[in-house]
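This report refers to the structure that appears directly beneath it.
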Amino acid sequence: MNVGIDRLSFYAPSYFLDLHKLAAARGVDKDKYVLGLGQERMAVPPPDEDVVTMAASAALPIVEAGGAGDLDLLIFATETGVDQSKAAALFVHGLLELPSSCRAIEMKEACYGATAALQLACAWVAAHPERSALILGADIARYDLRSPGEPTQGAGAIAMRIAANPRILAIDPEHGVHAEDVMDFWRPNYREEALVDGQYSTRVYLASLVSAWERYRAASGRGLDAFRRQCFHLPFTRMAEKAQMRLHRAAGLPAPTPEDLQRILGDSLGYNRNTGNTYAASLYEGLVSLLDTCPEDLGGARVGLYSYGSGCMAEFFSGVVQPGYREALFAARHRAMFDARIELDYQQYEDIFHLALPKDGGEHAFAQYRTGSFRFAGLSQHKRIYEAL
Ligand code: COA
């Protein structure tokens, strides 16, 4: 019996900043961002949107299409948690009106969290094949203004229905992991912005890739030629190029040509290039981008997947795209969402960046911006108020 991704939906905020504008404001050559990092636009969530509303907006089409009657398990992976105690999954549970028989929990390990959730859900469904699980990954990537990380900010959410006999991607049982206690990226509880040693993080990402890949190769007996396409966690899209080159070196293969890189990676980068880093959602945003936009029918193709969460936890795994997968995608919906986005000017971006949540426990109603199907409407006595639109 195959288990894997049966539905796959992505949501990004309606507002974005073009990185040409950020480059001009910072006095940096735009090619550093566009070519050097491989980023063109960053999604900017408005003040009445957070990880809960983004994840609920990502999940809504899945619930509308298939109902929630067989849903047993909801795991929400995020490193932008909205509460130290209550799981963000429970706010989503309420907004989507999920059955009270469905467990709801939050999971954290930087950008790796959704992969841990996916693997746990696959094991759960393998044991209960008539049931399904909903995996959410949503984050707001936020660094200090004028820091090296600033052009790699972003926001977005992924939702995946995990089921037996999946329509999109059957997850292979083999995997290779690498865990290590390092400080390459972290966000202390008292900070809104992440701290990152970006150059060091890039080195750890690549070293962990080699370790995870070697374990995957030993477990599966597969070489790199087993994969028609490859998806990587994308802190910025040029990272995928560095990763693919490192994999070739680790496998003792000649360096890939620019044409090879475009064929193996190209379609998986388009969405991230336009949203920026979405942390827990990033790898799966790359997968949606690949499946939505690849002109070739990938039915039957094996895809390699590399998940990396700073701190650090890494996993190389794979899946086989299912014949007829296109009918289960929300490609047209994603295209319409990207087409309808609204561009911010630099000052609007900085104004939104500086808005902070009130901490006085009073009554606060937030101005309404363009959001998805849900909004973070305000605060009352330290409680977050959400509403469906
Ligand atoms: N034209 C084209 N390319 C240019 C350029 C120009 N004018 N100027 C610089 N570049 C290239 C650099 O050569 C470099 O490419 P390389 O990696 O192939 O050498 C790239 O642009 C980035 O330049 P660099 O000087 O390394 O940038 P930086 O030190 O200011 O910041 C990061 C880059 C990635 C370290 C920084 O954006 C960061 O920390 N981001 C956060 C990453 C993260 O979140 N990691 C944790 C999770 S995985």
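Naming works like this for the structure tokens: A, B, ... for the chains as they're shown, residue 1 at the start of each chain, ligands 1 onward in shown order.
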Show me which residues line ligand 1, defined as having an atom within 8 Å of a ligand atom where only C-alpha atoms and all ligand atoms count, and present them as a ChimeraX atom specification. /A:28-37,111,141,147-153,184-185,196-202,205,233-236,238,242,277,279,308-310
Write out the residues from the selection above, keeping N, CA and C atoms, as a compact mmCIF listing (two decimals), in the first residue's frame.
```txt
# COMPACT_ATOMS: atom_id res chain seq x y z
N VAL A 28 22.28 48.63 -2.87
CA VAL A 28 22.93 47.37 -3.25
C VAL A 28 22.64 47.12 -4.72
N ASP A 29 23.60 46.53 -5.44
CA ASP A 29 23.36 46.15 -6.83
C ASP A 29 22.21 45.13 -6.86
N LYS A 30 21.17 45.38 -7.65
CA LYS A 30 20.00 44.49 -7.67
C LYS A 30 20.39 43.06 -8.07
N ASP A 31 21.46 42.92 -8.84
CA ASP A 31 21.86 41.56 -9.27
C ASP A 31 22.32 40.70 -8.11
N LYS A 32 22.73 41.33 -7.02
CA LYS A 32 23.09 40.52 -5.84
C LYS A 32 21.86 39.76 -5.37
N TYR A 33 20.71 40.44 -5.34
CA TYR A 33 19.49 39.76 -4.88
C TYR A 33 18.92 38.83 -5.96
N VAL A 34 18.86 39.35 -7.19
CA VAL A 34 18.16 38.61 -8.25
C VAL A 34 19.01 37.44 -8.75
N LEU A 35 20.31 37.69 -8.99
CA LEU A 35 21.17 36.61 -9.50
C LEU A 35 21.91 35.91 -8.36
N GLY A 36 22.49 36.68 -7.45
CA GLY A 36 23.32 36.09 -6.40
C GLY A 36 22.50 35.24 -5.43
N LEU A 37 21.30 35.74 -5.05
CA LEU A 37 20.43 34.97 -4.14
C LEU A 37 19.32 34.25 -4.88
N CYS A 111 12.88 25.05 9.89
CA CYS A 111 12.24 24.80 8.59
C CYS A 111 12.00 23.31 8.33
N ALA A 141 9.05 34.73 7.57
CA ALA A 141 10.52 34.85 7.70
C ALA A 141 10.83 36.33 7.87
N SER A 147 19.86 44.02 7.56
CA SER A 147 20.75 42.89 7.84
C SER A 147 20.92 42.08 6.56
N PRO A 148 21.95 41.20 6.48
CA PRO A 148 22.13 40.39 5.26
C PRO A 148 20.92 39.49 4.98
N GLY A 149 20.20 39.09 6.03
CA GLY A 149 19.04 38.21 5.82
C GLY A 149 17.83 38.93 5.24
N GLU A 150 17.80 40.29 5.31
CA GLU A 150 16.57 41.02 4.93
C GLU A 150 16.02 40.63 3.55
N PRO A 151 16.90 40.52 2.51
CA PRO A 151 16.32 40.18 1.19
C PRO A 151 15.82 38.75 1.09
N THR A 152 16.05 37.94 2.12
CA THR A 152 15.54 36.55 2.08
C THR A 152 14.31 36.39 2.97
N GLN A 153 13.67 37.49 3.35
CA GLN A 153 12.42 37.38 4.10
C GLN A 153 11.31 36.86 3.18
N ASP A 184 23.23 27.97 13.98
CA ASP A 184 23.38 28.68 12.71
C ASP A 184 22.25 29.70 12.49
N PHE A 185 21.13 29.48 13.15
CA PHE A 185 19.94 30.33 12.98
C PHE A 185 19.04 30.04 14.16
N VAL A 196 20.77 34.98 12.49
CA VAL A 196 21.32 33.97 11.59
C VAL A 196 22.77 34.31 11.26
N ASP A 197 23.62 33.27 11.30
CA ASP A 197 24.96 33.38 10.74
C ASP A 197 24.86 32.72 9.37
N GLY A 198 24.49 33.52 8.37
CA GLY A 198 24.07 32.99 7.07
C GLY A 198 25.13 32.17 6.36
N GLN A 199 26.37 32.64 6.39
CA GLN A 199 27.43 31.89 5.67
C GLN A 199 27.65 30.54 6.35
N TYR A 200 27.68 30.55 7.68
CA TYR A 200 27.85 29.30 8.44
C TYR A 200 26.66 28.37 8.18
N SER A 201 25.44 28.94 8.16
CA SER A 201 24.24 28.14 7.95
C SER A 201 24.28 27.44 6.59
N THR A 202 24.77 28.16 5.60
CA THR A 202 24.88 27.56 4.27
C THR A 202 25.84 26.38 4.30
N TYR A 205 24.08 23.48 6.14
CA TYR A 205 23.04 22.94 5.24
C TYR A 205 23.68 21.94 4.28
N HIS A 233 14.94 22.39 0.36
CA HIS A 233 14.55 23.53 1.19
C HIS A 233 15.23 24.77 0.63
N LEU A 234 14.46 25.88 0.54
CA LEU A 234 14.97 27.06 -0.16
C LEU A 234 14.98 28.30 0.73
N PRO A 235 16.06 28.53 1.49
CA PRO A 235 16.17 29.81 2.20
C PRO A 235 16.28 30.96 1.19
N PHE A 236 16.82 30.66 0.01
CA PHE A 236 16.83 31.53 -1.18
C PHE A 236 17.10 30.56 -2.32
N ARG A 238 18.93 30.23 -4.95
CA ARG A 238 20.25 29.79 -5.43
C ARG A 238 20.84 28.69 -4.54
N LYS A 242 23.50 25.31 -5.34
CA LYS A 242 24.66 24.89 -4.53
C LYS A 242 24.47 23.46 -4.04
N ASN A 277 11.55 33.24 1.52
CA ASN A 277 11.59 32.04 2.36
C ASN A 277 10.26 31.88 3.11
N TYR A 279 10.11 29.19 5.30
CA TYR A 279 10.57 28.30 6.37
C TYR A 279 9.92 26.90 6.28
N TYR A 308 15.73 20.84 5.36
CA TYR A 308 16.76 21.29 6.31
C TYR A 308 16.15 22.29 7.28
N GLY A 309 16.34 22.04 8.57
CA GLY A 309 15.92 22.99 9.59
C GLY A 309 17.14 23.35 10.42
N SER A 310 17.39 24.63 10.55
CA SER A 310 18.56 25.08 11.31
C SER A 310 18.51 24.57 12.73
```
Tell me which protein, DNA and RNA residues are within 12 Å of A:Gly69, counting only C-alpha atoms, leaving out same-chain ones fewer than 2 positions away, and put them as a PDB file with N, CA, C and O atoms, in the first residue's frame.
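Dumped everything to part_9.pdb:
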```
ATOM      1  N   VAL A  63     -10.156  21.006   2.390  1.00  0.00           N
ATOM      2  CA  VAL A  63     -11.332  20.617   3.182  1.00  0.00           C
ATOM      3  C   VAL A  63     -12.595  20.769   2.332  1.00  0.00           C
ATOM      4  O   VAL A  63     -13.486  19.910   2.339  1.00  0.00           O
ATOM      5  N   GLU A  64     -12.669  21.867   1.554  1.00  0.00           N
ATOM      6  CA  GLU A  64     -13.856  22.061   0.698  1.00  0.00           C
ATOM      7  C   GLU A  64     -13.981  20.950  -0.337  1.00  0.00           C
ATOM      8  O   GLU A  64     -15.077  20.497  -0.652  1.00  0.00           O
ATOM      9  N   ALA A  65     -12.832  20.486  -0.845  1.00  0.00           N
ATOM     10  CA  ALA A  65     -12.875  19.476  -1.912  1.00  0.00           C
ATOM     11  C   ALA A  65     -13.170  18.082  -1.380  1.00  0.00           C
ATOM     12  O   ALA A  65     -13.805  17.282  -2.063  1.00  0.00           O
ATOM     13  N   GLY A  66     -12.691  17.772  -0.174  1.00  0.00           N
ATOM     14  CA  GLY A  66     -12.788  16.383   0.284  1.00  0.00           C
ATOM     15  C   GLY A  66     -13.484  16.190   1.606  1.00  0.00           C
ATOM     16  O   GLY A  66     -13.601  15.064   2.092  1.00  0.00           O
ATOM     17  N   GLY A  67     -13.942  17.268   2.227  1.00  0.00           N
ATOM     18  CA  GLY A  67     -14.548  17.133   3.547  1.00  0.00           C
ATOM     19  C   GLY A  67     -13.501  16.810   4.591  1.00  0.00           C
ATOM     20  O   GLY A  67     -12.311  16.695   4.283  1.00  0.00           O
ATOM     21  N   LEU A  71     -10.681  12.764   8.733  1.00  0.00           N
ATOM     22  CA  LEU A  71      -9.478  13.417   9.257  1.00  0.00           C
ATOM     23  C   LEU A  71      -9.298  13.105  10.750  1.00  0.00           C
ATOM     24  O   LEU A  71     -10.168  13.418  11.554  1.00  0.00           O
ATOM     25  N   ASP A  72      -8.163  12.511  11.066  1.00  0.00           N
ATOM     26  CA  ASP A  72      -7.875  12.074  12.436  1.00  0.00           C
ATOM     27  C   ASP A  72      -6.823  12.919  13.118  1.00  0.00           C
ATOM     28  O   ASP A  72      -6.684  12.886  14.322  1.00  0.00           O
ATOM     29  N   LEU A  73      -6.008  13.572  12.283  1.00  0.00           N
ATOM     30  CA  LEU A  73      -4.768  14.146  12.792  1.00  0.00           C
ATOM     31  C   LEU A  73      -4.461  15.435  12.053  1.00  0.00           C
ATOM     32  O   LEU A  73      -4.435  15.451  10.813  1.00  0.00           O
ATOM     33  N   GLU A  97     -13.660  24.332  11.162  1.00  0.00           N
ATOM     34  CA  GLU A  97     -14.750  23.527  11.735  1.00  0.00           C
ATOM     35  C   GLU A  97     -14.472  22.038  11.585  1.00  0.00           C
ATOM     36  O   GLU A  97     -15.299  21.266  11.078  1.00  0.00           O
ATOM     37  N   LEU A  98     -13.272  21.618  12.017  1.00  0.00           N
ATOM     38  CA  LEU A  98     -12.894  20.205  11.912  1.00  0.00           C
ATOM     39  C   LEU A  98     -13.581  19.414  13.024  1.00  0.00           C
ATOM     40  O   LEU A  98     -13.953  19.964  14.067  1.00  0.00           O
ATOM     41  N   PRO A  99     -13.753  18.106  12.827  1.00  0.00           N
ATOM     42  CA  PRO A  99     -14.439  17.307  13.845  1.00  0.00           C
ATOM     43  C   PRO A  99     -13.659  17.255  15.153  1.00  0.00           C
ATOM     44  O   PRO A  99     -12.421  17.257  15.148  1.00  0.00           O
ATOM     45  N   SER A 100     -14.360  17.170  16.262  1.00  0.00           N
ATOM     46  CA  SER A 100     -13.685  17.152  17.565  1.00  0.00           C
ATOM     47  C   SER A 100     -12.924  15.843  17.770  1.00  0.00           C
ATOM     48  O   SER A 100     -12.110  15.735  18.686  1.00  0.00           O
ATOM     49  N   SER A 101     -13.129  14.859  16.901  1.00  0.00           N
ATOM     50  CA  SER A 101     -12.376  13.599  16.973  1.00  0.00           C
ATOM     51  C   SER A 101     -11.000  13.719  16.310  1.00  0.00           C
ATOM     52  O   SER A 101     -10.227  12.767  16.305  1.00  0.00           O
ATOM     53  N   CYS A 102     -10.689  14.891  15.740  1.00  0.00           N
ATOM     54  CA  CYS A 102      -9.392  15.082  15.055  1.00  0.00           C
ATOM     55  C   CYS A 102      -8.386  15.721  16.023  1.00  0.00           C
ATOM     56  O   CYS A 102      -8.570  16.846  16.480  1.00  0.00           O
ATOM     57  N   GLU A 130      -7.660   3.791   6.448  1.00  0.00           N
ATOM     58  CA  GLU A 130      -8.958   4.386   6.090  1.00  0.00           C
ATOM     59  C   GLU A 130      -9.063   5.830   6.588  1.00  0.00           C
ATOM     60  O   GLU A 130     -10.035   6.518   6.288  1.00  0.00           O
ATOM     61  N   ARG A 131      -8.064   6.290   7.344  1.00  0.00           N
ATOM     62  CA  ARG A 131      -8.088   7.643   7.900  1.00  0.00           C
ATOM     63  C   ARG A 131      -7.120   8.543   7.134  1.00  0.00           C
ATOM     64  O   ARG A 131      -6.270   8.068   6.375  1.00  0.00           O
ATOM     65  N   SER A 132      -7.218   9.849   7.336  1.00  0.00           N
ATOM     66  CA  SER A 132      -6.267  10.758   6.686  1.00  0.00           C
ATOM     67  C   SER A 132      -5.767  11.790   7.703  1.00  0.00           C
ATOM     68  O   SER A 132      -6.317  11.931   8.803  1.00  0.00           O
ATOM     69  N   ALA A 133      -4.696  12.489   7.312  1.00  0.00           N
ATOM     70  CA  ALA A 133      -4.092  13.516   8.179  1.00  0.00           C
ATOM     71  C   ALA A 133      -3.934  14.798   7.376  1.00  0.00           C
ATOM     72  O   ALA A 133      -3.780  14.764   6.147  1.00  0.00           O
ATOM     73  N   LEU A 134      -3.978  15.919   8.080  1.00  0.00           N
ATOM     74  CA  LEU A 134      -3.750  17.212   7.439  1.00  0.00           C
ATOM     75  C   LEU A 134      -2.477  17.808   8.037  1.00  0.00           C
ATOM     76  O   LEU A 134      -2.387  17.979   9.257  1.00  0.00           O
TER      77      LEU A 134
END
```
Distance in Å - atom CA of A:Ala121 versus atom CA of A:Pro45: 28.7 Å
Would you kindly return, as a ChimeraX atom specification, each protein, DNA or RNA residue with an atom no farther than 12 Å from any atom of A:Asp339, considering only C-alpha atoms and excluding same-chain residues fewer than 6 positions away? /A:12-16,271,274,332-333
So that I have them on file, write out the residues from the current selection with N, CA, C and O atoms, as a short mmCIF file (atom, residue, chain, number, x, y, z; two decimals), in the first residue's frame.
```cif
data_model
loop_
_atom_site.label_atom_id
_atom_site.label_comp_id
_atom_site.auth_asym_id
_atom_site.auth_seq_id
_atom_site.Cartn_x
_atom_site.Cartn_y
_atom_site.Cartn_z
N ALA A 12 -0.07 32.28 -0.30
CA ALA A 12 0.87 33.38 0.00
C ALA A 12 0.08 34.65 0.20
O ALA A 12 -0.98 34.84 -0.42
N PRO A 13 0.58 35.56 1.07
CA PRO A 13 -0.12 36.84 1.27
C PRO A 13 -0.29 37.62 -0.03
O PRO A 13 0.46 37.42 -0.99
N SER A 14 -1.25 38.53 -0.04
CA SER A 14 -1.58 39.29 -1.25
C SER A 14 -0.59 40.41 -1.57
O SER A 14 -0.66 40.99 -2.64
N TYR A 15 0.28 40.75 -0.63
CA TYR A 15 1.17 41.90 -0.82
C TYR A 15 2.61 41.44 -1.01
O TYR A 15 3.03 40.43 -0.43
N PHE A 16 3.34 42.18 -1.83
CA PHE A 16 4.75 41.82 -2.02
C PHE A 16 5.58 43.08 -2.24
O PHE A 16 5.07 44.13 -2.65
N TYR A 271 7.91 29.57 -7.52
CA TYR A 271 7.06 30.15 -6.48
C TYR A 271 7.92 30.82 -5.40
O TYR A 271 7.63 31.95 -4.97
N ASN A 274 9.31 34.17 -5.85
CA ASN A 274 8.32 35.26 -5.76
C ASN A 274 7.70 35.46 -4.39
O ASN A 274 6.91 36.38 -4.20
N ALA A 332 -4.56 26.11 -10.98
CA ALA A 332 -5.23 27.32 -11.48
C ALA A 332 -5.48 28.31 -10.33
O ALA A 332 -5.33 29.52 -10.48
N ARG A 333 -5.83 27.76 -9.18
CA ARG A 333 -6.06 28.61 -8.00
C ARG A 333 -4.76 29.33 -7.60
O ARG A 333 -4.77 30.52 -7.27
#
```
For the contact check between stretch 251-307 of chain A and stretch 167-175 of chain A, emit one row per residue of stretch 251-307 of chain A within 12 Å, containing the shortest atom pair and the distance in Å rounded to one decimal, counting only C-alpha atoms, chain then rising number order, as CSV.
```
residue,atom,partner,partner_atom,distance
A:Tyr284,CA,A:Leu169,CA,11.6
A:Leu287,CA,A:Leu169,CA,9.9
A:Val288,CA,A:Ile168,CA,10.2
A:Leu291,CA,A:Ile168,CA,8.9
A:Asp292,CA,A:Ile168,CA,11.2
A:Leu298,CA,A:Ile168,CA,10.2
A:Gly299,CA,A:Ile168,CA,8.8
A:Gly300,CA,A:Leu169,CA,9.4
A:Ala301,CA,A:Leu169,CA,9.6
A:Arg302,CA,A:Leu169,CA,9.0
A:Val303,CA,A:Leu169,CA,8.9
A:Gly304,CA,A:Asp172,CA,9.9
A:Leu305,CA,A:His175,CA,9.8
A:Tyr306,CA,A:His175,CA,10.0
A:Ser307,CA,A:His175,CA,11.0
```
Deliver the residues from the most recent selection as a file, using N, CA and C atoms, as a short mmCIF file (atom, residue, chain, number, x, y, z; two decimals), in the first residue's frame.
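Here's the written file out_17.cif:
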```cif
data_model
loop_
_atom_site.label_atom_id
_atom_site.label_comp_id
_atom_site.auth_asym_id
_atom_site.auth_seq_id
_atom_site.Cartn_x
_atom_site.Cartn_y
_atom_site.Cartn_z
N TYR A 284 8.00 22.32 0.47
CA TYR A 284 6.75 21.87 -0.15
C TYR A 284 6.20 22.92 -1.10
N LEU A 287 7.88 21.93 -4.12
CA LEU A 287 7.22 20.77 -4.73
C LEU A 287 5.96 21.20 -5.49
N VAL A 288 5.16 22.08 -4.88
CA VAL A 288 3.94 22.57 -5.59
C VAL A 288 4.34 23.29 -6.85
N LEU A 291 5.23 20.75 -9.51
CA LEU A 291 4.11 19.98 -10.05
C LEU A 291 3.13 20.87 -10.81
N ASP A 292 2.93 22.10 -10.30
CA ASP A 292 1.99 23.02 -10.98
C ASP A 292 2.53 23.49 -12.31
N LEU A 298 4.91 14.45 -15.18
CA LEU A 298 5.86 13.78 -14.28
C LEU A 298 5.29 12.49 -13.68
N GLY A 299 4.14 12.06 -14.17
CA GLY A 299 3.54 10.82 -13.64
C GLY A 299 4.55 9.68 -13.74
N GLY A 300 4.78 8.98 -12.62
CA GLY A 300 5.73 7.87 -12.59
C GLY A 300 7.16 8.28 -12.24
N ALA A 301 7.43 9.60 -12.23
CA ALA A 301 8.80 10.07 -11.96
C ALA A 301 9.10 10.08 -10.45
N ARG A 302 10.32 9.72 -10.11
CA ARG A 302 10.74 9.82 -8.70
C ARG A 302 11.38 11.19 -8.49
N VAL A 303 10.99 11.84 -7.39
CA VAL A 303 11.51 13.17 -7.03
C VAL A 303 12.30 13.03 -5.74
N GLY A 304 13.50 13.59 -5.70
CA GLY A 304 14.29 13.63 -4.47
C GLY A 304 13.92 14.86 -3.67
N LEU A 305 13.86 14.75 -2.34
CA LEU A 305 13.46 15.88 -1.49
C LEU A 305 14.48 16.03 -0.36
N TYR A 306 14.92 17.26 -0.14
CA TYR A 306 15.84 17.52 0.96
C TYR A 306 15.26 18.61 1.86
N SER A 307 15.06 18.24 3.12
CA SER A 307 14.50 19.16 4.10
C SER A 307 15.60 19.54 5.08
#
```
Select, from A:Ala68, A:Thr293, A:Arg203, A:Val210, the residue with the minimum atom-to-atom distance to A:His248, counting only C-alpha atoms. A:Val210
Need to verify the contact set: stretch 358-373 of chain A, 9 Å, only C-alpha atoms, exclusion of same-chain residues closer than 6 positions in sequence. Can you return it as an mmCIF file with C-alpha atoms, in the first residue's frame?
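File out_39.cif, as written:
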```cif
data_model
loop_
_atom_site.group_PDB
_atom_site.id
_atom_site.type_symbol
_atom_site.label_atom_id
_atom_site.label_comp_id
_atom_site.auth_asym_id
_atom_site.auth_seq_id
_atom_site.Cartn_x
_atom_site.Cartn_y
_atom_site.Cartn_z
ATOM 1 C CA TYR A 11 -1.152 30.146 0.095
ATOM 2 C CA ALA A 12 0.872 33.375 -0.002
ATOM 3 C CA PRO A 13 -0.117 36.840 1.268
ATOM 4 C CA SER A 14 -1.583 39.290 -1.254
ATOM 5 C CA TYR A 15 1.168 41.897 -0.820
ATOM 6 C CA PRO A 45 1.772 39.664 5.274
ATOM 7 C CA PRO A 46 -0.532 42.532 6.248
ATOM 8 C CA PRO A 47 -1.115 43.220 9.975
ATOM 9 C CA ASP A 48 -4.351 41.199 10.035
ATOM 10 C CA GLU A 49 -2.718 38.033 8.758
ATOM 11 C CA THR A 53 -4.886 32.658 8.910
ATOM 12 C CA MET A 54 -2.340 31.740 6.225
ATOM 13 C CA ALA A 56 -6.247 28.012 7.297
ATOM 14 C CA SER A 57 -6.399 29.723 3.887
ATOM 15 C CA ALA A 58 -4.027 27.082 2.462
ATOM 16 C CA LEU A 60 -9.545 25.484 3.018
ATOM 17 C CA LEU A 379 -7.078 41.165 20.394
ATOM 18 C CA SER A 380 -9.317 41.058 23.438
ATOM 19 C CA GLN A 381 -8.012 40.421 26.973
ATOM 20 C CA HIS A 382 -4.819 38.878 25.537
ATOM 21 C CA LYS A 383 -6.866 36.545 23.299
ATOM 22 C CA ILE A 385 -9.707 36.998 17.600
ATOM 23 C CA GLU A 387 -12.803 35.637 11.683
ATOM 24 C CA ALA A 388 -13.800 33.865 8.483
ATOM 25 C CA LEU A 389 -14.528 36.146 5.519
#
```
Per DSSP on the backbone, what are the helix (DSSP H, G or I) residues of stretch 186-253 of chain A, as JSON, numbers by chain? {"A": [198, 199, 200, 201, 202, 203, 204, 205, 206, 207, 208, 209, 210, 211, 212, 213, 214, 215, 216, 217, 218, 219, 220, 224, 225, 226, 238, 239, 240, 241, 242, 243, 244, 245, 246, 247, 248, 249, 250]}
Keeping only N, CA and C atoms, take the residues you just selected and write them out as a short mmCIF file (atom, residue, chain, number, x, y, z; two decimals), in the first residue's frame.
```cif
data_model
loop_
_atom_site.label_atom_id
_atom_site.label_comp_id
_atom_site.auth_asym_id
_atom_site.auth_seq_id
_atom_site.Cartn_x
_atom_site.Cartn_y
_atom_site.Cartn_z
N GLY A 198 24.49 33.52 8.37
CA GLY A 198 24.07 32.99 7.07
C GLY A 198 25.13 32.17 6.36
N GLN A 199 26.37 32.64 6.39
CA GLN A 199 27.43 31.89 5.67
C GLN A 199 27.65 30.54 6.35
N TYR A 200 27.68 30.55 7.68
CA TYR A 200 27.85 29.30 8.44
C TYR A 200 26.66 28.37 8.18
N SER A 201 25.44 28.94 8.16
CA SER A 201 24.24 28.14 7.95
C SER A 201 24.28 27.44 6.59
N THR A 202 24.77 28.16 5.60
CA THR A 202 24.88 27.56 4.27
C THR A 202 25.84 26.38 4.30
N ARG A 203 26.94 26.52 5.04
CA ARG A 203 27.91 25.40 5.12
C ARG A 203 27.30 24.21 5.85
N VAL A 204 26.56 24.48 6.94
CA VAL A 204 25.96 23.37 7.69
C VAL A 204 24.87 22.69 6.85
N TYR A 205 24.08 23.48 6.14
CA TYR A 205 23.04 22.94 5.24
C TYR A 205 23.68 21.94 4.28
N LEU A 206 24.81 22.32 3.68
CA LEU A 206 25.43 21.46 2.66
C LEU A 206 26.09 20.24 3.29
N ALA A 207 26.76 20.41 4.43
CA ALA A 207 27.40 19.26 5.10
C ALA A 207 26.32 18.26 5.55
N SER A 208 25.20 18.78 6.05
CA SER A 208 24.10 17.91 6.50
C SER A 208 23.46 17.20 5.32
N LEU A 209 23.42 17.89 4.19
CA LEU A 209 22.89 17.26 2.96
C LEU A 209 23.70 16.01 2.61
N VAL A 210 25.01 16.15 2.64
CA VAL A 210 25.87 15.00 2.27
C VAL A 210 25.64 13.85 3.25
N SER A 211 25.58 14.16 4.54
CA SER A 211 25.38 13.12 5.55
C SER A 211 24.02 12.43 5.36
N ALA A 212 22.97 13.23 5.17
CA ALA A 212 21.62 12.66 5.01
C ALA A 212 21.54 11.86 3.71
N TRP A 213 22.15 12.40 2.65
CA TRP A 213 22.14 11.70 1.36
C TRP A 213 22.84 10.35 1.46
N GLU A 214 24.01 10.30 2.12
CA GLU A 214 24.75 9.03 2.23
C GLU A 214 23.89 7.99 2.95
N ARG A 215 23.16 8.43 3.96
CA ARG A 215 22.30 7.48 4.69
C ARG A 215 21.12 7.04 3.82
N TYR A 216 20.57 7.99 3.07
CA TYR A 216 19.47 7.62 2.16
C TYR A 216 19.99 6.63 1.11
N ARG A 217 21.16 6.89 0.56
CA ARG A 217 21.72 6.02 -0.49
C ARG A 217 21.96 4.61 0.06
N ALA A 218 22.49 4.54 1.29
CA ALA A 218 22.73 3.23 1.91
C ALA A 218 21.41 2.48 2.14
N ALA A 219 20.37 3.23 2.53
CA ALA A 219 19.09 2.58 2.84
C ALA A 219 18.34 2.15 1.59
N SER A 220 18.49 2.94 0.51
CA SER A 220 17.66 2.70 -0.68
C SER A 220 18.40 1.99 -1.81
N LEU A 224 21.88 9.11 -7.78
CA LEU A 224 21.21 10.35 -8.18
C LEU A 224 20.41 10.19 -9.47
N ASP A 225 20.80 9.19 -10.29
CA ASP A 225 20.08 9.00 -11.56
C ASP A 225 18.66 8.47 -11.33
N ALA A 226 18.31 8.14 -10.09
CA ALA A 226 16.94 7.67 -9.80
C ALA A 226 15.93 8.81 -9.83
N ARG A 238 18.93 30.23 -4.95
CA ARG A 238 20.25 29.79 -5.43
C ARG A 238 20.84 28.69 -4.54
N MET A 239 20.26 28.53 -3.35
CA MET A 239 20.73 27.46 -2.47
C MET A 239 20.55 26.09 -3.14
N ALA A 240 19.48 25.96 -3.94
CA ALA A 240 19.22 24.67 -4.61
C ALA A 240 20.36 24.33 -5.57
N GLU A 241 20.86 25.35 -6.24
CA GLU A 241 21.96 25.12 -7.19
C GLU A 241 23.21 24.63 -6.44
N LYS A 242 23.50 25.31 -5.34
CA LYS A 242 24.66 24.89 -4.53
C LYS A 242 24.47 23.46 -4.04
N ALA A 243 23.24 23.12 -3.64
CA ALA A 243 22.96 21.79 -3.09
C ALA A 243 23.11 20.72 -4.15
N GLN A 244 22.57 20.99 -5.34
CA GLN A 244 22.65 19.98 -6.41
C GLN A 244 24.12 19.74 -6.80
N MET A 245 24.90 20.83 -6.84
CA MET A 245 26.33 20.68 -7.18
C MET A 245 27.02 19.84 -6.11
N ARG A 246 26.67 20.08 -4.84
CA ARG A 246 27.31 19.33 -3.76
C ARG A 246 26.92 17.85 -3.81
N LEU A 247 25.65 17.59 -4.17
CA LEU A 247 25.21 16.19 -4.29
C LEU A 247 26.00 15.48 -5.39
N HIS A 248 26.18 16.14 -6.51
CA HIS A 248 26.95 15.53 -7.60
C HIS A 248 28.36 15.20 -7.13
N ARG A 249 28.95 16.14 -6.39
CA ARG A 249 30.32 15.90 -5.91
C ARG A 249 30.34 14.71 -4.95
N ALA A 250 29.34 14.66 -4.05
CA ALA A 250 29.29 13.56 -3.07
C ALA A 250 29.07 12.22 -3.77
#
```
Output as a Markdown table one row per residue of stretch 36-149 of chain A within 8 Å of stretch 3-7 of chain A: the closest atom pair and its distance in Å to one decimal place, counting only C-alpha atoms, sorted by chain and residue number ascending.
```
| residue | atom | partner | partner_atom | distance |
| --- | --- | --- | --- | --- |
| A:Ile62 | CA | A:Arg7 | CA | 6.6 |
| A:Cys122 | CA | A:Val3 | CA | 6.0 |
| A:Val125 | CA | A:Val3 | CA | 7.1 |
| A:Ala126 | CA | A:Val3 | CA | 6.6 |
```
Select, from A:Ala281, A:Met337, A:Leu17, A:Ala164, the residue with the minimum atom-to-atom distance to A:Thr80, counting only C-alpha atoms. A:Ala281
Give me every strand (DSSP E) residue in stretch 3-204 of chain A, going by DSSP on the backbone, as a PyMOL selection string. chain A and resi 3-11+15-18+41-44+71-77+103-107+132-141+154-164+169-179+185-186+195-196
Given the choices A:Ala251, A:Ala117, A:Leu283, A:Leu195, which gets closest to A:Cys231 if the distance is worked out from only C-alpha atoms? A:Leu283
